[in-house]
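Structure record follows, encoded as structure tokens.
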Amino acid sequence: MGIQIGAKPDSGFDDPLGMLRDCHRRIERFLQVLCIVEERACGRTLTDEESAAVTAALHYFREGGLRHNADEEESLFPRLRAMEAIEPADDLVHLEEDHRRTGLLHGQIEALYKKWMAAGALSSGEQQDLRSATRELEGTYAGHIKLEESTVFPHAARALDKSAIAAMGMEFKTRRS
């Protein structure tokens with residue numbers, strides 16, 4: 001991602017909840033790329049610029065998106081469950097289900113975009129499948145991010161002590177090394 005003048009710097013490993021929020025902003029930006037390109041390029045060959053943007057977005061979700069899910073499912077959620085810090089506890093189950101569903105959608109979207117870039121076109125049925133998948137992904141992420149940022153992360157900030165936050169940050173760092 002390019003540098004934005006005046007933008008707040010990304011959070012560091014000393015602020016893992018901030019890192020998760022920062023990742024949400026990247027998810028939103030890369031998801032926007034997938035949706036806009038699908039919408040604007042429908043029925044034609046992708047330009048080099050569109051192909052590059054889509055390739056970057058697909059790469060982000062394949063790498064950063066999976067790491068983000070691991071940060072939540074392996075570091076944050078277990079700590080919240082252990083402390084019984086989230087009510088209802090079903091929220092975490094719902095978020096984990098979202099991770100699985102978005103993973104399937106990302107696989108479908110990536111396959112269709114790769115076919116589009118390789119063949120230069122998609123059939124009308126494939127184009128509709130891509131539109132449906134990107135719109136479902138967009139809706140799933142909107143609800144997912146809202147739940148995390150309005151409920152889960154604030155609860156975590158109140159419930160987790162400094163040592164738990166520091167341990168999460170170290171786990172995040174290990175996932176990136």
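Note on naming: chains are A, B, ... as they come in the structure tokens, residues start from 1 per chain, ligands start from 1 in the order shown.
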
Next item on the list: With a distance cut-off of 12 Å and only C-alpha atoms, select the neighbouring residues of Lys114 (chain A), excluding the residue or stretch itself and same-chain residues fewer than 4 positions from it, and output the selection as a VMD selection string.
Entry: chain A and resid 46 51 to 52 54 to 55 58 to 59 106 to 110 118 to 122 126 130

Kindly export the residues of the current selection with all heavy atoms, as a CSV table (one decimal), in the first residue's frame.
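Saved as part-v1.csv:
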chain,number,residue,atom,x,y,z
A,46,LEU,N,-9.8,-6.9,-18.7
A,46,LEU,CA,-9.2,-6.0,-17.7
A,46,LEU,C,-8.0,-5.3,-18.2
A,46,LEU,O,-7.2,-5.8,-19.0
A,46,LEU,CB,-8.8,-6.8,-16.5
A,46,LEU,CG,-9.9,-7.6,-15.7
A,46,LEU,CD1,-9.2,-8.4,-14.5
A,46,LEU,CD2,-10.9,-6.7,-15.2
A,51,SER,N,-5.8,-5.3,-13.6
A,51,SER,CA,-5.2,-6.6,-13.3
A,51,SER,C,-4.2,-6.5,-12.2
A,51,SER,O,-4.2,-7.3,-11.3
A,51,SER,CB,-4.5,-7.2,-14.5
A,51,SER,OG,-5.5,-7.5,-15.5
A,52,ALA,N,-3.4,-5.4,-12.2
A,52,ALA,CA,-2.4,-5.2,-11.1
A,52,ALA,C,-3.1,-5.0,-9.8
A,52,ALA,O,-2.7,-5.5,-8.7
A,52,ALA,CB,-1.5,-4.1,-11.5
A,54,VAL,N,-6.2,-5.9,-8.9
A,54,VAL,CA,-6.8,-7.2,-8.5
A,54,VAL,C,-5.8,-8.2,-7.9
A,54,VAL,O,-6.0,-8.8,-6.9
A,54,VAL,CB,-7.6,-7.8,-9.6
A,54,VAL,CG1,-8.0,-9.2,-9.4
A,54,VAL,CG2,-8.9,-6.9,-9.9
A,55,THR,N,-4.7,-8.3,-8.6
A,55,THR,CA,-3.6,-9.2,-8.2
A,55,THR,C,-3.1,-8.8,-6.8
A,55,THR,O,-2.9,-9.7,-5.9
A,55,THR,CB,-2.5,-9.2,-9.2
A,55,THR,OG1,-3.0,-9.7,-10.5
A,55,THR,CG2,-1.3,-10.1,-8.7
A,58,LEU,N,-5.9,-9.7,-4.3
A,58,LEU,CA,-6.0,-11.2,-4.1
A,58,LEU,C,-4.8,-11.7,-3.2
A,58,LEU,O,-5.0,-12.5,-2.3
A,58,LEU,CB,-6.0,-11.9,-5.4
A,58,LEU,CG,-7.2,-11.7,-6.3
A,58,LEU,CD1,-7.0,-12.4,-7.6
A,58,LEU,CD2,-8.5,-12.2,-5.6
A,59,HIS,N,-3.7,-11.1,-3.5
A,59,HIS,CA,-2.5,-11.5,-2.7
A,59,HIS,C,-2.7,-11.1,-1.2
A,59,HIS,O,-2.4,-11.8,-0.3
A,59,HIS,CB,-1.2,-10.8,-3.2
A,59,HIS,CG,0.0,-11.0,-2.4
A,59,HIS,ND1,0.7,-12.2,-2.4
A,59,HIS,CD2,0.6,-10.2,-1.5
A,59,HIS,CE1,1.7,-12.1,-1.5
A,59,HIS,NE2,1.6,-10.9,-0.9
A,106,HIS,N,-13.5,-16.0,-0.9
A,106,HIS,CA,-12.2,-15.6,-1.4
A,106,HIS,C,-11.7,-16.6,-2.5
A,106,HIS,O,-11.2,-16.2,-3.5
A,106,HIS,CB,-11.2,-15.3,-0.4
A,106,HIS,CG,-11.3,-14.0,0.3
A,106,HIS,ND1,-11.2,-12.8,-0.3
A,106,HIS,CD2,-11.6,-13.7,1.6
A,106,HIS,CE1,-11.4,-11.8,0.5
A,106,HIS,NE2,-11.7,-12.3,1.7
A,107,GLY,N,-11.8,-17.8,-2.2
A,107,GLY,CA,-11.4,-18.9,-3.1
A,107,GLY,C,-12.2,-18.8,-4.4
A,107,GLY,O,-11.6,-18.9,-5.5
A,108,GLN,N,-13.5,-18.6,-4.3
A,108,GLN,CA,-14.3,-18.5,-5.5
A,108,GLN,C,-13.9,-17.2,-6.3
A,108,GLN,O,-13.8,-17.3,-7.6
A,108,GLN,CB,-15.8,-18.5,-5.1
A,108,GLN,CG,-16.7,-18.3,-6.3
A,108,GLN,CD,-18.2,-18.2,-5.8
A,108,GLN,OE1,-18.5,-18.1,-4.6
A,108,GLN,NE2,-19.1,-18.3,-6.8
A,109,ILE,N,-13.8,-16.1,-5.6
A,109,ILE,CA,-13.5,-14.8,-6.3
A,109,ILE,C,-12.1,-14.9,-6.9
A,109,ILE,O,-11.9,-14.5,-8.1
A,109,ILE,CB,-13.6,-13.7,-5.3
A,109,ILE,CG1,-15.0,-13.5,-4.9
A,109,ILE,CG2,-12.9,-12.4,-5.8
A,109,ILE,CD1,-15.2,-12.6,-3.6
A,110,GLU,N,-11.1,-15.5,-6.2
A,110,GLU,CA,-9.8,-15.6,-6.8
A,110,GLU,C,-9.8,-16.4,-8.1
A,110,GLU,O,-9.2,-16.1,-9.1
A,110,GLU,CB,-8.8,-16.1,-5.8
A,110,GLU,CG,-7.4,-16.2,-6.4
A,110,GLU,CD,-6.3,-16.3,-5.3
A,110,GLU,OE1,-6.6,-16.3,-4.1
A,110,GLU,OE2,-5.1,-16.4,-5.7
A,118,ALA,N,-6.6,-14.5,-17.3
A,118,ALA,CA,-5.9,-15.4,-18.2
A,118,ALA,C,-6.7,-15.5,-19.5
A,118,ALA,O,-6.0,-15.5,-20.6
A,118,ALA,CB,-5.8,-16.8,-17.6
A,119,ALA,N,-8.0,-15.6,-19.5
A,119,ALA,CA,-8.8,-15.7,-20.7
A,119,ALA,C,-9.2,-14.4,-21.4
A,119,ALA,O,-9.6,-14.4,-22.5
A,119,ALA,CB,-10.0,-16.6,-20.4
A,120,GLY,N,-9.2,-13.3,-20.6
A,120,GLY,CA,-9.6,-12.0,-21.1
A,120,GLY,C,-11.1,-11.8,-21.0
A,120,GLY,O,-11.5,-10.7,-21.2
A,121,ALA,N,-11.8,-12.8,-20.5
A,121,ALA,CA,-13.3,-12.6,-20.4
A,121,ALA,C,-13.8,-13.7,-19.5
A,121,ALA,O,-13.2,-14.7,-19.3
A,121,ALA,CB,-14.0,-12.6,-21.8
A,122,LEU,N,-15.0,-13.4,-19.0
A,122,LEU,CA,-15.8,-14.4,-18.3
A,122,LEU,C,-17.1,-14.6,-19.0
A,122,LEU,O,-17.6,-13.6,-19.6
A,122,LEU,CB,-16.1,-14.0,-16.8
A,122,LEU,CG,-14.9,-13.9,-15.9
A,122,LEU,CD1,-15.3,-13.3,-14.5
A,122,LEU,CD2,-14.3,-15.3,-15.6
A,126,GLU,N,-20.5,-16.7,-15.2
A,126,GLU,CA,-19.3,-16.5,-14.4
A,126,GLU,C,-19.2,-15.0,-13.8
A,126,GLU,O,-18.9,-14.8,-12.7
A,126,GLU,CB,-18.0,-16.8,-15.1
A,126,GLU,CG,-17.9,-18.3,-15.4
A,126,GLU,CD,-16.8,-18.6,-16.4
A,126,GLU,OE1,-16.5,-17.7,-17.3
A,126,GLU,OE2,-16.2,-19.7,-16.3
A,130,LEU,N,-19.3,-13.9,-10.0
A,130,LEU,CA,-18.3,-13.0,-9.4
A,130,LEU,C,-19.0,-11.9,-8.7
A,130,LEU,O,-18.7,-11.5,-7.6
A,130,LEU,CB,-17.3,-12.5,-10.5
A,130,LEU,CG,-16.2,-11.6,-10.0
A,130,LEU,CD1,-15.4,-12.2,-8.9
A,130,LEU,CD2,-15.3,-11.1,-11.1

Pull the closest atom pair for each residue of region 50-131 of chain A that gets at most 7 Å from region 33-41 of chain A, along with the distance in Å to one decimal, counting only C-alpha atoms, ordering rows by chain and then ascending residue number, as a tab-separated table.
residue	atom	partner	partner_atom	distance
A:Glu50	CA	A:Val37	CA	6.5
A:Ala53	CA	A:Val33	CA	6.8
A:Val54	CA	A:Leu34	CA	6.1
A:Ala57	CA	A:Val33	CA	7.0
A:Arg131	CA	A:Glu38	CA	6.7

Check which residues of region 5-115 of chain A sit at most 12 Å from region 150-155 of chain A using only C-alpha atoms, and return one row each with the closest pair of atoms and their distance in Å to one decimal, ordered by chain and rising number, as a tab-separated table.
residue	atom	partner	partner_atom	distance
A:Asp15	CA	A:Phe153	CA	11.7
A:Pro16	CA	A:Phe153	CA	10.2
A:Leu17	CA	A:Phe153	CA	6.6
A:Gly18	CA	A:Phe153	CA	9.1
A:Met19	CA	A:Phe153	CA	11.1
A:Leu20	CA	A:Phe153	CA	8.9
A:Arg21	CA	A:Phe153	CA	8.7
A:Glu72	CA	A:Phe153	CA	10.4
A:Leu76	CA	A:Phe153	CA	9.2
A:Phe77	CA	A:Val152	CA	9.1
A:Arg79	CA	A:His155	CA	11.4
A:Leu80	CA	A:His155	CA	8.5
A:Arg81	CA	A:Val152	CA	11.3
A:Met83	CA	A:His155	CA	10.8
A:Glu84	CA	A:His155	CA	10.4
A:Ala85	CA	A:His155	CA	6.7
A:Ile86	CA	A:His155	CA	6.7
A:Glu87	CA	A:Thr151	CA	9.2
A:Pro88	CA	A:Thr151	CA	10.3
A:Ala89	CA	A:Val152	CA	10.2
A:Asp90	CA	A:Val152	CA	11.5
A:Asp91	CA	A:Val152	CA	8.2
A:Leu92	CA	A:Val152	CA	8.3
A:His94	CA	A:Val152	CA	11.8
A:Leu95	CA	A:Val152	CA	9.9

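Of the residues under consideration (A:Asp48, A:Glu28, A:Asp10, A:Glu96), A:Glu28 shows the shortest atom-to-atom contact distance to Phe61 (chain A) when counting only C-alpha atoms.
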
Within 12 Å of Cys23 (chain A), counting only C-alpha atoms, which residues show up once you throw out same-chain ones fewer than 5 positions away? Write them as a PDB file with N, CA and C atoms, in the first residue's frame, please.
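The resulting file, out_23.pdb, is shown below:
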ATOM      1  N   MET A   1       0.844  -1.176   0.000  1.00  0.00           N
ATOM      2  CA  MET A   1       0.000   0.000   0.000  1.00  0.00           C
ATOM      3  C   MET A   1       0.888   1.237   0.000  1.00  0.00           C
ATOM      4  N   ASP A  10       0.243   3.068  11.100  1.00  0.00           N
ATOM      5  CA  ASP A  10      -0.295   1.797  11.563  1.00  0.00           C
ATOM      6  C   ASP A  10       0.166   1.514  12.980  1.00  0.00           C
ATOM      7  N   SER A  11      -0.668   0.802  13.718  1.00  0.00           N
ATOM      8  CA  SER A  11      -0.340   0.391  15.081  1.00  0.00           C
ATOM      9  C   SER A  11       0.772  -0.640  15.046  1.00  0.00           C
ATOM     10  N   GLY A  12       1.496  -0.740  16.159  1.00  0.00           N
ATOM     11  CA  GLY A  12       2.582  -1.701  16.272  1.00  0.00           C
ATOM     12  C   GLY A  12       2.184  -2.888  17.129  1.00  0.00           C
ATOM     13  N   PRO A  16      -1.963  -4.680  19.726  1.00  0.00           N
ATOM     14  CA  PRO A  16      -2.534  -5.664  18.803  1.00  0.00           C
ATOM     15  C   PRO A  16      -3.985  -5.378  18.426  1.00  0.00           C
ATOM     16  N   LEU A  17      -4.764  -4.795  19.312  1.00  0.00           N
ATOM     17  CA  LEU A  17      -6.141  -4.453  18.938  1.00  0.00           C
ATOM     18  C   LEU A  17      -6.143  -3.352  17.876  1.00  0.00           C
ATOM     19  N   GLY A  18      -5.225  -2.415  17.986  1.00  0.00           N
ATOM     20  CA  GLY A  18      -5.068  -1.397  16.947  1.00  0.00           C
ATOM     21  C   GLY A  18      -4.635  -2.016  15.632  1.00  0.00           C
ATOM     22  N   GLU A  28     -11.073  -3.405   3.925  1.00  0.00           N
ATOM     23  CA  GLU A  28     -12.077  -2.574   3.248  1.00  0.00           C
ATOM     24  C   GLU A  28     -11.540  -2.001   1.941  1.00  0.00           C
ATOM     25  N   ARG A  29     -10.290  -1.541   1.947  1.00  0.00           N
ATOM     26  CA  ARG A  29      -9.712  -0.961   0.719  1.00  0.00           C
ATOM     27  C   ARG A  29      -9.529  -2.020  -0.366  1.00  0.00           C
ATOM     28  N   PHE A  30      -8.989  -3.174  -0.002  1.00  0.00           N
ATOM     29  CA  PHE A  30      -8.772  -4.212  -1.011  1.00  0.00           C
ATOM     30  C   PHE A  30     -10.092  -4.819  -1.480  1.00  0.00           C
ATOM     31  N   LEU A  31     -11.056  -4.922  -0.602  1.00  0.00           N
ATOM     32  CA  LEU A  31     -12.376  -5.402  -1.001  1.00  0.00           C
ATOM     33  C   LEU A  31     -13.016  -4.420  -1.982  1.00  0.00           C
ATOM     34  N   TYR A  60      -3.196  -9.855  -0.984  1.00  0.00           N
ATOM     35  CA  TYR A  60      -3.421  -9.391   0.382  1.00  0.00           C
ATOM     36  C   TYR A  60      -4.341 -10.359   1.133  1.00  0.00           C
ATOM     37  N   PHE A  61      -5.456 -10.712   0.530  1.00  0.00           N
ATOM     38  CA  PHE A  61      -6.396 -11.587   1.223  1.00  0.00           C
ATOM     39  C   PHE A  61      -5.816 -12.979   1.448  1.00  0.00           C
ATOM     40  N   GLU A  63      -2.663 -13.709   1.962  1.00  0.00           N
ATOM     41  CA  GLU A  63      -1.611 -13.647   2.982  1.00  0.00           C
ATOM     42  C   GLU A  63      -2.097 -12.918   4.245  1.00  0.00           C
ATOM     43  N   GLY A  64      -2.341 -11.636   4.110  1.00  0.00           N
ATOM     44  CA  GLY A  64      -2.721 -10.819   5.260  1.00  0.00           C
ATOM     45  C   GLY A  64      -4.064 -11.201   5.854  1.00  0.00           C
ATOM     46  N   GLY A  65      -5.010 -11.552   5.010  1.00  0.00           N
ATOM     47  CA  GLY A  65      -6.331 -11.934   5.507  1.00  0.00           C
ATOM     48  C   GLY A  65      -6.280 -13.185   6.361  1.00  0.00           C
ATOM     49  N   LEU A  66      -5.516 -14.164   5.921  1.00  0.00           N
ATOM     50  CA  LEU A  66      -5.379 -15.397   6.704  1.00  0.00           C
ATOM     51  C   LEU A  66      -4.657 -15.131   8.019  1.00  0.00           C
ATOM     52  N   ARG A  67      -3.646 -14.282   7.977  1.00  0.00           N
ATOM     53  CA  ARG A  67      -2.915 -13.935   9.191  1.00  0.00           C
ATOM     54  C   ARG A  67      -3.840 -13.193  10.166  1.00  0.00           C
ATOM     55  N   HIS A  68      -4.669 -12.316   9.647  1.00  0.00           N
ATOM     56  CA  HIS A  68      -5.626 -11.578  10.471  1.00  0.00           C
ATOM     57  C   HIS A  68      -6.578 -12.561  11.170  1.00  0.00           C
ATOM     58  N   ASN A  69      -7.101 -13.523  10.423  1.00  0.00           N
ATOM     59  CA  ASN A  69      -7.995 -14.513  11.025  1.00  0.00           C
ATOM     60  C   ASN A  69      -7.275 -15.288  12.122  1.00  0.00           C
ATOM     61  N   ASP A  71      -4.772 -14.217  13.911  1.00  0.00           N
ATOM     62  CA  ASP A  71      -4.597 -13.309  15.042  1.00  0.00           C
ATOM     63  C   ASP A  71      -5.840 -13.321  15.933  1.00  0.00           C
ATOM     64  N   GLU A  72      -6.987 -13.325  15.306  1.00  0.00           N
ATOM     65  CA  GLU A  72      -8.229 -13.335  16.080  1.00  0.00           C
ATOM     66  C   GLU A  72      -8.500 -14.710  16.695  1.00  0.00           C
ATOM     67  N   ILE A 145     -16.947  -6.677  10.668  1.00  0.00           N
ATOM     68  CA  ILE A 145     -16.122  -5.582  11.175  1.00  0.00           C
ATOM     69  C   ILE A 145     -16.909  -4.744  12.183  1.00  0.00           C
ATOM     70  N   GLU A 149     -15.601  -4.218  15.963  1.00  0.00           N
ATOM     71  CA  GLU A 149     -15.189  -2.887  16.397  1.00  0.00           C
ATOM     72  C   GLU A 149     -16.147  -2.241  17.389  1.00  0.00           C
TER      73      GLU A 149
END

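One finds CA of Glu73 (chain A) at 14.8 Å from CA of Ala164 (chain A).
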
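The residue that comes closest to Glu97 (chain A), out of A:Gly139, A:Lys115, A:His144, A:Gly125 and on the basis of only C-alpha atoms, is A:His144.
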
Using only C-alpha atoms, tabulate the residues of region 9-118 of chain A lying at most 6 Å from any atom of region 167-177 of chain A, each with its closest atom pair and that distance in Å to one decimal, by chain and increasing residue number, as CSV.
residue,atom,partner,partner_atom,distance
A:Phe13,CA,A:Gly169,CA,4.5
A:Asp14,CA,A:Gly169,CA,5.7
A:Pro16,CA,A:Gly169,CA,5.2
A:Ser75,CA,A:Met168,CA,5.7

Next item on the list: In Å, rounded to a single decimal, give me how far CA of Cys42 (chain A) is from CA of Ala142 (chain A).
Entry: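 Result for CA of Ala142 (chain A) versus CA of Cys42 (chain A): 23.5 Å, one decimal.
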
Next item on the list: Give the answer as one residue: which of A:Gly143, A:Ser123, A:Ala156, A:Glu138 has the shortest atom-to-atom distance to Thr45 (chain A), using only C-alpha atoms?
Entry: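 The answer is A:Ser123, which sits nearest to Thr45 (chain A).
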
Note to self: Please determine, counting only C-alpha atoms, which residue among A:Ile27, A:Asp22, A:Thr47, A:Leu105 has the shortest atom-to-atom distance to Ser132 (chain A).
What the structure shows: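 Of A:Ile27, A:Asp22, A:Thr47, A:Leu105, the one nearest Ser132 (chain A) is A:Leu105, counting only C-alpha atoms.
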